Structure formats: structure tokens, C-alpha cells
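Shown here: entry.cif, mmCIF, C-alpha atoms and all ligand atoms.
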```
data_my_file
loop_
_atom_site.group_PDB
_atom_site.id
_atom_site.type_symbol
_atom_site.label_atom_id
_atom_site.label_comp_id
_atom_site.auth_asym_id
_atom_site.auth_seq_id
_atom_site.Cartn_x
_atom_site.Cartn_y
_atom_site.Cartn_z
ATOM 1 C CA MET A 822 127.747 114.323 138.473
ATOM 2 C CA GLY A 823 126.422 114.618 142.081
ATOM 3 C CA LEU A 824 127.837 117.441 144.122
ATOM 4 C CA ARG A 825 129.456 115.254 146.813
ATOM 5 C CA PHE A 826 131.088 113.079 144.167
ATOM 6 C CA LYS A 827 132.297 116.221 142.408
ATOM 7 C CA GLU A 828 133.764 117.609 145.639
ATOM 8 C CA THR A 829 135.514 114.319 146.397
ATOM 9 C CA VAL A 830 137.033 114.182 142.918
ATOM 10 C CA GLN A 831 138.084 117.819 143.252
ATOM 11 C CA ALA A 832 139.720 117.180 146.630
ATOM 12 C CA VAL A 833 141.889 114.302 145.406
ATOM 13 C CA THR A 834 142.787 115.710 141.962
ATOM 14 C CA PRO A 835 145.580 118.230 141.304
ATOM 15 C CA PRO A 836 143.953 121.572 140.327
ATOM 16 C CA LEU A 837 145.349 121.715 136.792
ATOM 17 C CA ILE A 838 144.142 118.198 136.011
ATOM 18 C CA TYR A 839 140.749 118.878 137.586
ATOM 19 C CA ASP A 840 140.388 122.023 135.505
ATOM 20 C CA ALA A 841 141.283 120.082 132.345
ATOM 21 C CA MET A 842 138.732 117.381 133.253
ATOM 22 C CA GLN A 843 135.983 119.995 133.664
ATOM 23 C CA ARG A 844 136.832 121.604 130.330
ATOM 24 C CA TRP A 845 136.815 118.211 128.650
ATOM 25 C CA TRP A 846 133.391 117.449 130.112
ATOM 26 C CA TRP A 847 131.948 120.747 128.966
ATOM 27 C CA ASN A 848 133.447 120.582 125.491
ATOM 28 C CA ARG A 849 132.222 117.013 125.115
ATOM 29 C CA ALA A 850 128.715 118.149 126.053
ATOM 30 C CA ALA A 851 128.956 121.506 124.332
ATOM 31 C CA VAL A 852 126.390 121.116 121.603
ATOM 32 C CA GLY A 853 122.971 119.602 122.040
ATOM 33 C CA PRO A 854 119.840 119.721 124.129
ATOM 34 C CA VAL A 855 120.227 120.556 127.792
ATOM 35 C CA GLY A 856 118.827 118.322 130.462
ATOM 36 C CA GLY A 857 119.439 117.002 133.943
ATOM 37 C CA GLU A 858 117.844 117.541 137.296
ATOM 38 C CA PRO A 859 118.065 120.828 139.175
ATOM 39 C CA LEU A 860 120.986 121.159 141.590
ATOM 40 C CA ASP A 861 120.047 119.950 145.057
ATOM 41 C CA ALA A 862 119.647 122.466 147.910
ATOM 42 C CA GLU A 863 123.379 122.480 148.442
ATOM 43 C CA GLY A 864 123.935 123.178 144.778
ATOM 44 C CA ALA A 865 121.338 125.915 144.657
ATOM 45 C CA ALA A 866 123.262 127.673 147.425
ATOM 46 C CA LEU A 867 126.429 127.767 145.317
ATOM 47 C CA GLY A 868 126.142 131.519 145.058
ATOM 48 C CA HIS A 869 126.537 131.589 141.285
ATOM 49 C CA ARG A 870 124.135 134.530 141.082
ATOM 50 C CA GLU A 871 126.344 136.556 143.384
ATOM 51 C CA ALA A 872 129.436 135.334 141.551
ATOM 52 C CA VAL A 873 128.294 137.127 138.393
ATOM 53 C CA GLY A 874 127.533 140.286 140.341
ATOM 54 C CA GLY A 875 124.030 139.774 141.791
ATOM 55 C CA LEU A 876 121.077 141.953 140.688
ATOM 56 C CA TRP A 877 120.044 138.773 138.893
ATOM 57 C CA ASP A 878 116.554 139.725 137.734
ATOM 58 C CA GLN A 879 117.314 143.356 136.901
ATOM 59 C CA ILE A 880 120.503 142.871 134.885
ATOM 60 C CA GLY A 881 119.155 139.715 133.264
ATOM 61 C CA GLN A 882 115.989 141.364 131.944
ATOM 62 C CA LEU A 883 117.929 144.509 130.981
ATOM 63 C CA GLN A 884 120.005 142.513 128.503
ATOM 64 C CA LEU A 885 116.972 141.224 126.616
ATOM 65 C CA ASP A 886 115.199 144.595 126.723
ATOM 66 C CA PHE A 887 118.247 146.397 125.335
ATOM 67 C CA LEU A 888 118.809 143.919 122.521
ATOM 68 C CA LEU A 889 115.116 144.057 121.575
ATOM 69 C CA GLN A 890 115.455 147.840 121.260
ATOM 70 C CA GLN A 891 118.437 147.211 119.000
ATOM 71 C CA GLY A 892 116.365 145.007 116.719
ATOM 72 C CA LEU A 893 117.001 141.499 118.034
ATOM 73 C CA GLN A 894 114.683 139.014 116.342
ATOM 74 C CA PRO A 895 113.927 135.367 117.162
ATOM 75 C CA GLN A 896 115.658 134.081 114.033
ATOM 76 C CA HIS A 897 118.938 135.809 114.896
ATOM 77 C CA ARG A 898 121.907 133.723 115.989
ATOM 78 C CA LEU A 899 123.225 135.225 119.202
ATOM 79 C CA LEU A 900 126.607 134.745 120.875
ATOM 80 C CA ASP A 901 126.698 135.474 124.622
ATOM 81 C CA VAL A 902 130.359 136.161 125.469
ATOM 82 C CA GLY A 903 131.119 135.466 129.132
ATOM 83 C CA CYS A 904 127.599 134.109 129.564
ATOM 84 C CA GLY A 905 128.243 132.949 133.145
ATOM 85 C CA SER A 906 125.203 131.192 134.610
ATOM 86 C CA PHE A 907 122.868 132.613 131.934
ATOM 87 C CA ARG A 908 121.662 135.683 133.858
ATOM 88 C CA GLY A 909 120.797 137.261 130.531
ATOM 89 C CA GLY A 910 120.839 133.892 128.840
ATOM 90 C CA VAL A 911 117.623 132.601 130.382
ATOM 91 C CA HIS A 912 115.707 135.501 128.833
ATOM 92 C CA LEU A 913 117.534 135.283 125.518
ATOM 93 C CA ILE A 914 117.131 131.499 125.250
ATOM 94 C CA ARG A 915 113.403 131.842 125.841
ATOM 95 C CA TYR A 916 113.046 134.604 123.235
ATOM 96 C CA LEU A 917 115.197 133.168 120.453
ATOM 97 C CA GLN A 918 114.197 130.354 118.134
ATOM 98 C CA ASP A 919 115.332 127.021 119.510
ATOM 99 C CA GLY A 920 119.029 126.457 118.838
ATOM 100 C CA ASN A 921 119.945 130.088 118.181
ATOM 101 C CA TYR A 922 121.609 130.789 121.540
ATOM 102 C CA TYR A 923 125.373 130.290 121.796
ATOM 103 C CA GLY A 924 127.295 130.909 125.009
ATOM 104 C CA ILE A 925 130.965 130.846 125.968
ATOM 105 C CA ASP A 926 132.489 131.251 129.410
ATOM 106 C CA ALA A 927 135.772 130.597 131.187
ATOM 107 C CA SER A 928 134.130 129.071 134.263
ATOM 108 C CA ALA A 929 132.916 125.486 134.169
ATOM 109 C CA ASP A 930 131.305 125.947 137.584
ATOM 110 C CA LEU A 931 129.212 128.932 136.461
ATOM 111 C CA LEU A 932 128.127 127.114 133.309
ATOM 112 C CA ARG A 933 127.169 124.072 135.310
ATOM 113 C CA ALA A 934 125.126 126.136 137.786
ATOM 114 C CA GLY A 935 123.375 127.796 134.870
ATOM 115 C CA ARG A 936 122.639 124.545 133.165
ATOM 116 C CA GLU A 937 121.597 122.534 136.204
ATOM 117 C CA CYS A 938 119.964 125.207 138.356
ATOM 118 C CA GLU A 939 118.772 128.125 136.216
ATOM 119 C CA LEU A 940 117.542 126.374 133.076
ATOM 120 C CA PRO A 941 115.177 124.070 135.006
ATOM 121 C CA ARG A 942 114.023 127.005 137.120
ATOM 122 C CA TYR A 943 113.018 128.919 133.984
ATOM 123 C CA GLY A 944 111.450 125.854 132.320
ATOM 124 C CA LEU A 945 114.079 125.768 129.574
ATOM 125 C CA THR A 946 115.473 122.243 129.808
ATOM 126 C CA ASP A 947 113.907 121.258 126.486
ATOM 127 C CA ARG A 948 115.821 123.988 124.613
ATOM 128 C CA THR A 949 118.837 123.297 122.436
ATOM 129 C CA LEU A 950 121.729 125.553 123.257
ATOM 130 C CA HIS A 951 125.374 125.604 122.341
ATOM 131 C CA VAL A 952 127.789 126.234 125.171
ATOM 132 C CA LEU A 953 131.557 126.174 125.306
ATOM 133 C CA CYS A 954 133.836 126.403 128.336
ATOM 134 C CA ASN A 955 136.807 128.359 127.058
ATOM 135 C CA ASP A 956 138.848 131.361 128.230
ATOM 136 C CA GLN A 957 140.556 132.151 124.903
ATOM 137 C CA PHE A 958 137.481 133.486 123.082
ATOM 138 C CA GLU A 959 137.670 130.647 120.547
ATOM 139 C CA PHE A 960 134.285 131.510 119.086
ATOM 140 C CA GLN A 961 134.932 129.586 115.885
ATOM 141 C CA ARG A 962 134.521 126.367 117.828
ATOM 142 C CA LEU A 963 130.852 127.331 118.200
ATOM 143 C CA GLY A 964 130.341 128.375 114.581
ATOM 144 C CA GLU A 965 130.241 131.631 112.675
ATOM 145 C CA GLY A 966 127.841 134.072 111.055
ATOM 146 C CA PHE A 967 126.503 135.496 114.324
ATOM 147 C CA ASP A 968 124.003 138.321 113.909
ATOM 148 C CA ILE A 969 124.325 139.669 117.428
ATOM 149 C CA ALA A 970 126.941 139.177 120.124
ATOM 150 C CA LEU A 971 126.924 140.523 123.654
ATOM 151 C CA ALA A 972 129.591 140.756 126.350
ATOM 152 C CA GLN A 973 127.795 142.037 129.429
ATOM 153 C CA SER A 974 130.139 142.945 132.292
ATOM 154 C CA VAL A 975 133.065 141.072 130.766
ATOM 155 C CA PHE A 976 135.411 143.812 129.490
ATOM 156 C CA SER A 977 135.064 145.421 132.916
ATOM 157 C CA HIS A 978 137.080 142.452 134.246
ATOM 158 C CA LEU A 979 139.678 142.192 131.485
ATOM 159 C CA PRO A 980 143.019 143.833 130.665
ATOM 160 C CA TRP A 981 143.106 145.310 127.194
ATOM 161 C CA ASN A 982 145.340 142.617 125.664
ATOM 162 C CA SER A 983 142.611 140.062 126.491
ATOM 163 C CA ILE A 984 139.984 142.380 125.019
ATOM 164 C CA LEU A 985 142.034 142.554 121.829
ATOM 165 C CA ARG A 986 142.055 138.741 121.608
ATOM 166 C CA CYS A 987 138.287 138.772 122.020
ATOM 167 C CA LEU A 988 137.848 141.389 119.283
ATOM 168 C CA VAL A 989 140.184 139.681 116.809
ATOM 169 C CA ASN A 990 138.284 136.421 117.207
ATOM 170 C CA MET A 991 134.950 138.213 117.067
ATOM 171 C CA GLY A 992 135.929 139.625 113.685
ATOM 172 C CA LYS A 993 136.144 136.057 112.394
ATOM 173 C CA VAL A 994 132.637 135.011 113.413
ATOM 174 C CA LEU A 995 130.458 138.115 113.179
ATOM 175 C CA SER A 996 128.181 138.162 110.143
ATOM 176 C CA VAL A 997 128.762 140.926 107.594
ATOM 177 C CA GLU A 998 126.057 143.098 109.141
ATOM 178 C CA GLY A 999 126.543 141.693 112.649
ATOM 179 C CA ARG A 1000 126.877 143.789 115.783
ATOM 180 C CA PHE A 1001 128.842 143.062 118.926
ATOM 181 C CA TYR A 1002 127.626 144.917 122.010
ATOM 182 C CA ALA A 1003 129.981 145.130 124.976
ATOM 183 C CA THR A 1004 129.778 146.952 128.281
ATOM 184 C CA PHE A 1005 132.600 148.679 130.123
ATOM 185 C CA PHE A 1006 133.360 151.192 132.845
ATOM 186 C CA HIS A 1007 134.043 154.505 131.172
ATOM 187 C CA ASP A 1008 136.809 156.874 132.174
ATOM 188 C CA PRO A 1009 135.584 160.104 130.574
ATOM 189 C CA GLY A 1010 138.634 162.049 131.806
ATOM 190 C CA GLY A 1011 140.290 162.562 128.450
ATOM 191 C CA ARG A 1012 143.726 161.609 129.746
ATOM 192 C CA HIS A 1013 144.939 158.345 131.211
ATOM 193 C CA ARG A 1014 143.720 158.199 134.795
ATOM 194 C CA ILE A 1015 145.928 156.183 137.111
ATOM 195 C CA SER A 1016 143.848 156.900 140.219
ATOM 196 C CA PRO A 1017 140.716 154.884 141.078
ATOM 197 C CA LEU A 1018 137.364 156.087 139.790
ATOM 198 C CA VAL A 1019 134.050 155.732 141.668
ATOM 199 C CA HIS A 1020 130.994 155.261 139.456
ATOM 200 C CA SER A 1021 127.468 156.449 140.069
ATOM 201 C CA PRO A 1022 124.985 154.852 140.258
ATOM 202 C CA GLY A 1023 126.294 151.713 141.884
ATOM 203 C CA GLY A 1024 129.311 153.018 143.791
ATOM 204 C CA ILE A 1025 131.753 150.642 142.070
ATOM 205 C CA THR A 1026 135.421 151.636 142.259
ATOM 206 C CA THR A 1027 137.414 150.889 139.112
ATOM 207 C CA TYR A 1028 141.121 150.988 138.252
ATOM 208 C CA PRO A 1029 143.288 151.482 135.162
ATOM 209 C CA ASP A 1030 145.408 148.403 135.836
ATOM 210 C CA ARG A 1031 143.374 145.911 137.827
ATOM 211 C CA ASP A 1032 139.926 144.377 137.970
ATOM 212 C CA PRO A 1033 137.440 146.035 137.774
ATOM 213 C CA TYR A 1034 138.960 148.116 134.978
ATOM 214 C CA HIS A 1035 137.955 151.481 133.533
ATOM 215 C CA TYR A 1036 138.929 152.604 130.049
ATOM 216 C CA GLU A 1037 138.856 155.692 127.922
ATOM 217 C CA LEU A 1038 136.943 155.378 124.677
ATOM 218 C CA ASP A 1039 140.009 155.824 122.491
ATOM 219 C CA VAL A 1040 141.452 152.595 123.903
ATOM 220 C CA PHE A 1041 138.579 150.746 122.233
ATOM 221 C CA GLU A 1042 138.984 152.744 119.044
ATOM 222 C CA ASP A 1043 142.569 151.561 118.865
ATOM 223 C CA LEU A 1044 141.740 147.939 119.758
ATOM 224 C CA ALA A 1045 138.896 147.849 117.241
ATOM 225 C CA ARG A 1046 141.162 149.166 114.477
ATOM 226 C CA ARG A 1047 143.747 146.491 115.253
ATOM 227 C CA ALA A 1048 141.011 143.833 115.056
ATOM 228 C CA GLY A 1049 139.554 145.094 111.764
ATOM 229 C CA LEU A 1050 136.400 146.382 113.478
ATOM 230 C CA SER A 1051 134.816 149.772 114.058
ATOM 231 C CA VAL A 1052 133.458 150.876 117.420
ATOM 232 C CA GLN A 1053 130.778 153.331 118.418
ATOM 233 C CA PHE A 1054 130.029 154.655 121.897
ATOM 234 C CA TRP A 1055 126.385 153.789 122.574
ATOM 235 C CA GLY A 1056 126.579 155.026 126.160
ATOM 236 C CA ASP A 1057 124.036 154.786 128.953
ATOM 237 C CA TRP A 1058 121.735 151.784 128.673
ATOM 238 C CA GLN A 1059 120.318 152.017 132.232
ATOM 239 C CA HIS A 1060 122.870 149.666 133.754
ATOM 240 C CA PRO A 1061 122.424 149.918 137.551
ATOM 241 C CA ARG A 1062 126.201 150.134 138.072
ATOM 242 C CA ASN A 1063 126.848 152.667 135.341
ATOM 243 C CA GLN A 1064 128.499 150.358 132.827
ATOM 244 C CA GLN A 1065 128.314 151.973 129.405
ATOM 245 C CA MET A 1066 127.627 150.241 126.101
ATOM 246 C CA LEU A 1067 129.838 149.937 123.020
ATOM 247 C CA VAL A 1068 128.888 148.522 119.642
ATOM 248 C CA PHE A 1069 131.467 146.934 117.364
ATOM 249 C CA ARG A 1070 130.960 146.157 113.680
ATOM 250 C CA ARG A 1071 133.135 144.843 110.914
ATOM 251 C CA ALA A 1072 135.155 147.784 109.622
ATOM 252 C CA SER A 1073 133.748 147.140 106.120
ATOM 253 C CA ALA A 1074 130.102 147.294 107.315
ATOM 254 C CA ARG A 1075 128.040 150.477 107.260
HETATM 255 C C1 LIG B 1101 130.358 139.596 135.772
HETATM 256 S S1 LIG B 1101 130.208 138.067 134.966
HETATM 257 C C2 LIG B 1101 128.944 138.427 133.787
HETATM 258 C C3 LIG B 1101 128.271 137.186 133.283
HETATM 259 C C4 LIG B 1101 127.105 137.431 132.302
HETATM 260 N N1 LIG B 1101 127.492 138.154 131.144
HETATM 261 C C5 LIG B 1101 125.984 138.116 133.022
HETATM 262 O O1 LIG B 1101 125.604 139.216 132.678
HETATM 263 O O2 LIG B 1101 125.502 137.526 133.986
HETATM 264 C C6 LIG B 1101 131.684 137.975 133.940
HETATM 265 C C7 LIG B 1101 131.809 136.640 133.223
HETATM 266 O O3 LIG B 1101 132.888 136.686 132.314
HETATM 267 C C8 LIG B 1101 133.519 135.417 132.328
HETATM 268 N N2 LIG B 1101 134.867 135.567 131.797
HETATM 269 C C9 LIG B 1101 135.911 136.256 132.307
HETATM 270 N N3 LIG B 1101 137.000 136.126 131.525
HETATM 271 C C10 LIG B 1101 136.638 135.339 130.483
HETATM 272 C C11 LIG B 1101 137.322 134.830 129.326
HETATM 273 N N4 LIG B 1101 138.609 135.110 129.107
HETATM 274 N N5 LIG B 1101 136.637 134.061 128.480
HETATM 275 C C12 LIG B 1101 135.327 133.760 128.701
HETATM 276 N N6 LIG B 1101 134.645 134.195 129.783
HETATM 277 C C13 LIG B 1101 135.285 134.987 130.656
HETATM 278 C C14 LIG B 1101 133.475 135.019 133.798
HETATM 279 O O4 LIG B 1101 133.692 133.630 133.979
HETATM 280 C C15 LIG B 1101 132.085 135.470 134.172
HETATM 281 O O5 LIG B 1101 131.121 134.487 133.963
#
```
Represent the structure contained in this file as C-alpha cells.
Amino acid sequence: MGLRFKETVQAVTPPLIYDAMQRWWWNRAAVGPVGGEPLDAEGAALGHREAVGGLWDQIGQLQLDFLLQQGLQPQHRLLDVGCGSFRGGVHLIRYLQDGNYYGIDASADLLRAGRECELPRYGLTDRTLHVLCNDQFEFQRLGEGFDIALAQSVFSHLPWNSILRCLVNMGKVLSVEGRFYATFFHDPGGRHRISPLVHSPGGITTYPDRDPYHYELDVFEDLARRAGLSVQFWGDWQHPRNQQMLVFRRASAR
């Protein structure tokens, strides 16, 4: 779909119907080899890199480096939760065996920019990947038995009832020994902090009740228990904005 055509359709279509059309298009095209030409200059200036927080190269490479340290192997099936425009995805897709990358995101526009702009730029248009546009964490629509899952800078934007939905559904698709890594802004205060918190490095201000959120660790312990998972504080993983890492497992796993 050319950009001008897309903009024209968007302008004359009620937002809810347009959104449904985009979801239909993505779900129709969810599984299979990627292709298509790069976005034109106008498309490349969409700002999708900024929309996922910028620091494109640094935070992208960091995701692969961290997962390699955690034992990621090419034959693993990996689920990228809130994959956006594949900032980490481009590195993960290249590393994994063809077909082992699965991504889910709420934004059709970010997925499209990733598919049409970033994959060609990284020489990855011949790769098979599985992508779903969905904001309900319906991972089962992509499959199950995932060895590794990652939600990088996703929980930092979500209220805890949405995180619980994510964890409950993750429990249904994680392999027995699977691990789900998720980043968040930590409130180490030890009591519920209702004032904003400024994080260093990065200088990001977070809040207890609006995006970007901070949480105490025991919130995740409670959410994990409700979802039939366990959670461990992994901590500092060199994120440039001081997001900390959690690792969830099935409660029955050791
Ligand atoms: C800060 S971006 C991070 C994207 C990616 N993980 C990365 O590191 O570049 C947060 C992403 O979470 C996605 N997101 C937010 N809520 C979501 C939901 N309920 N379901 C799926 N994706 C969601 C957004 O669309 C966005 O792409």
C-alpha cells in the first residue's frame, strides 16, 4: 500500500474502521516470508525509531547481547512482546534460525515501518518471521512452546492489570523451561511511592499511576503468582535509561 494511498484511505475512513482494517491486513499477512520495497523517503521519515524511544542502535544491540549472555541459541523460538519496529528484532532475526522469530505489537504503523523500512535496511527481507498486530497479548495465535520471550520497554508503559493479562497469556505459551525477560522502571523505595521518580542514567521521570510507570518488585511477585509464574529480579543490564530486568518462569520450573 503506497503511503499517499494509505493517507487518503485514512482521511476518509472513520478511525475505528481504519484501525480494524489495519489489524485485518496484518493478521492476514501475519505468518510467512516478509517482502516488499523499502518505504519511500517520506516513509523513512515516519519517525518510528523515535516512536519506540530512539537510541536505536544501542538498545537494539543490547537486547541481542543480553539474551546471548542468558544462553540464547539459534534454534530457540523467541517471542518479542511489543516488538515495535524491530529495534531488537533486526538483530534477533539475523541471529536466529530462519522462522524462529515471533513478534507481537499493538501498533500496525510501527510493524509496517519495521517490515517495510528496517528489514530491507538490514538485508532481512528473505527471512520468514511471524508477526501479529494485537494489543491483548494473544500469544497463542502465534503458537506455543517458546523458549525465550522478551518485553523490552513494554511494562514501563503499562498499568499492572495489563501486565497481568500479559503474564497469564505468557504462562500458556512458554515452554516448560522457558524464560520471559521483561524490563521495568524500579521503585526501590520499599513503600508505595505516589510521587514521581527520576531515574539515572537517562533522566526519565516515572509515575505510579501513569505512563511511564515505576513499580516495586513485590508488585511483580504478586502478579506472577496470580499468573502461575515465578519472578526473579535480574536487575541492571546496562540499559541506558536505567530500566531493570525481570525474569519470569513457570512456577513449576526450577
Ligand atoms: C517503547 S516501545 C519498545 C519496542 C521494542 N520492544 C523495542 O525495544 O524497540 C513499546 C512497544 O510496546 C507496544 N505495546 C504497548 N502496549 C501493547 C500491548 N498491549 N500489546 C502489544 N504491544 C504493546 C507499543 O506499540 C510499542 O511498540
Written as a PyMOL selection string, which residues does the PyMOL selection byres (((chain A and resi 1021) around 12) and not hetatm) give for the file shown? chain A and resi 1006-1007+1018-1020+1022-1027+1057+1059-1065
Nearest residue to A:Ala1045 out of A:Pro1029, A:Gly992, A:Pro1017, A:Gly903, using all atoms listed in the file?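 For A:Ala1045, the nearest of the given residues is A:Gly992.
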Which residues are close to A:Glu998, i.e. within 12 Å by only C-alpha atoms, leaving aside same-chain residues fewer than 2 positions away? Reply as a PDB file with C-alpha atoms, keeping the file's coordinate frame.
```pdb
ATOM      1  CA  HIS A 897     118.938 135.809 114.896  1.00  0.00           C
ATOM      2  CA  GLY A 966     127.841 134.072 111.055  1.00  0.00           C
ATOM      3  CA  PHE A 967     126.503 135.496 114.324  1.00  0.00           C
ATOM      4  CA  ASP A 968     124.003 138.321 113.909  1.00  0.00           C
ATOM      5  CA  ILE A 969     124.325 139.669 117.428  1.00  0.00           C
ATOM      6  CA  ALA A 970     126.941 139.177 120.124  1.00  0.00           C
ATOM      7  CA  GLY A 992     135.929 139.625 113.685  1.00  0.00           C
ATOM      8  CA  VAL A 994     132.637 135.011 113.413  1.00  0.00           C
ATOM      9  CA  LEU A 995     130.458 138.115 113.179  1.00  0.00           C
ATOM     10  CA  SER A 996     128.181 138.162 110.143  1.00  0.00           C
ATOM     11  CA  ARG A1000     126.877 143.789 115.783  1.00  0.00           C
ATOM     12  CA  PHE A1001     128.842 143.062 118.926  1.00  0.00           C
ATOM     13  CA  LEU A1050     136.400 146.382 113.478  1.00  0.00           C
ATOM     14  CA  PHE A1069     131.467 146.934 117.364  1.00  0.00           C
ATOM     15  CA  ARG A1070     130.960 146.157 113.680  1.00  0.00           C
ATOM     16  CA  ARG A1071     133.135 144.843 110.914  1.00  0.00           C
ATOM     17  CA  ALA A1072     135.155 147.784 109.622  1.00  0.00           C
ATOM     18  CA  SER A1073     133.748 147.140 106.120  1.00  0.00           C
ATOM     19  CA  ALA A1074     130.102 147.294 107.315  1.00  0.00           C
ATOM     20  CA  ARG A1075     128.040 150.477 107.260  1.00  0.00           C
TER      21      ARG A1075
END
```
What do you get as an NGL selection string if you pick all residues at most 7 Å from ligand LIG 1101 (chain B), counting all atoms listed in the file? :A and (873-874 or 880-881 or 902-909 or 925-928 or 931 or 955-958 or 972-975 or 978-979 or 983)
Keeping C-alpha atoms for every residue in the selection just given, could you write it to a file as a compact mmCIF listing (two decimals), in the coordinates of the input?
```txt
# COMPACT_ATOMS: atom_id res chain seq x y z
CA VAL A 873 128.29 137.13 138.39
CA GLY A 874 127.53 140.29 140.34
CA ILE A 880 120.50 142.87 134.88
CA GLY A 881 119.16 139.72 133.26
CA VAL A 902 130.36 136.16 125.47
CA GLY A 903 131.12 135.47 129.13
CA CYS A 904 127.60 134.11 129.56
CA GLY A 905 128.24 132.95 133.15
CA SER A 906 125.20 131.19 134.61
CA PHE A 907 122.87 132.61 131.93
CA ARG A 908 121.66 135.68 133.86
CA GLY A 909 120.80 137.26 130.53
CA ILE A 925 130.96 130.85 125.97
CA ASP A 926 132.49 131.25 129.41
CA ALA A 927 135.77 130.60 131.19
CA SER A 928 134.13 129.07 134.26
CA LEU A 931 129.21 128.93 136.46
CA ASN A 955 136.81 128.36 127.06
CA ASP A 956 138.85 131.36 128.23
CA GLN A 957 140.56 132.15 124.90
CA PHE A 958 137.48 133.49 123.08
CA ALA A 972 129.59 140.76 126.35
CA GLN A 973 127.80 142.04 129.43
CA SER A 974 130.14 142.94 132.29
CA VAL A 975 133.06 141.07 130.77
CA HIS A 978 137.08 142.45 134.25
CA LEU A 979 139.68 142.19 131.49
CA SER A 983 142.61 140.06 126.49
```
Mind giving me the straight-line distance from atom CA of A:Trp1055 to atom CA of A:Phe887 in Å, one decimal?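 Computed distance, atom CA of A:Trp1055 to atom CA of A:Phe887, equals 11.3 Å.
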Report, in Å to a single decimal, how far apart atom CA of A:Leu917 and atom CA of A:Arg942 are.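 That distance, rounded to one decimal, is 17.8 Å.
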Could you check how far atom CA of A:Arg1047 sits from atom CA of A:Arg1031, in Å to one decimal?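 Interatomic distance here is 22.6 Å.
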Give me the residues near A:Leu945 as a PyMOL selection string, where near means some atom within 8 Å (using all atoms listed in the file) and where sequence neighbours in that chain fewer than 3 positions away do not count. chain A and resi 911+914-915+940-942+948
Non-local contacts of A:Gly920 (8 Å; all atoms listed in the file; under 5 positions in same chain excluded) as a PDB file with C-alpha atoms, in the coordinates of the input:
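Saved the output as result.pdb:
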```
ATOM      1  CA  ARG A 948     115.821 123.988 124.613  1.00  0.00           C
ATOM      2  CA  THR A 949     118.837 123.297 122.436  1.00  0.00           C
ATOM      3  CA  LEU A 950     121.729 125.553 123.257  1.00  0.00           C
ATOM      4  CA  HIS A 951     125.374 125.604 122.341  1.00  0.00           C
TER       5      HIS A 951
END
```
Draw an axis-aligned box tight on the listed atoms of stretch 1018-1030 of chain A, then pad every side by 3 Å and write out centre and edge lengths in Å to one decimal as AutoDock Vina command-line options.
```
--center_x 135.2 --center_y 152.4 --center_z 139.5 --size_x 26.4 --size_y 14.0 --size_z 14.6
```
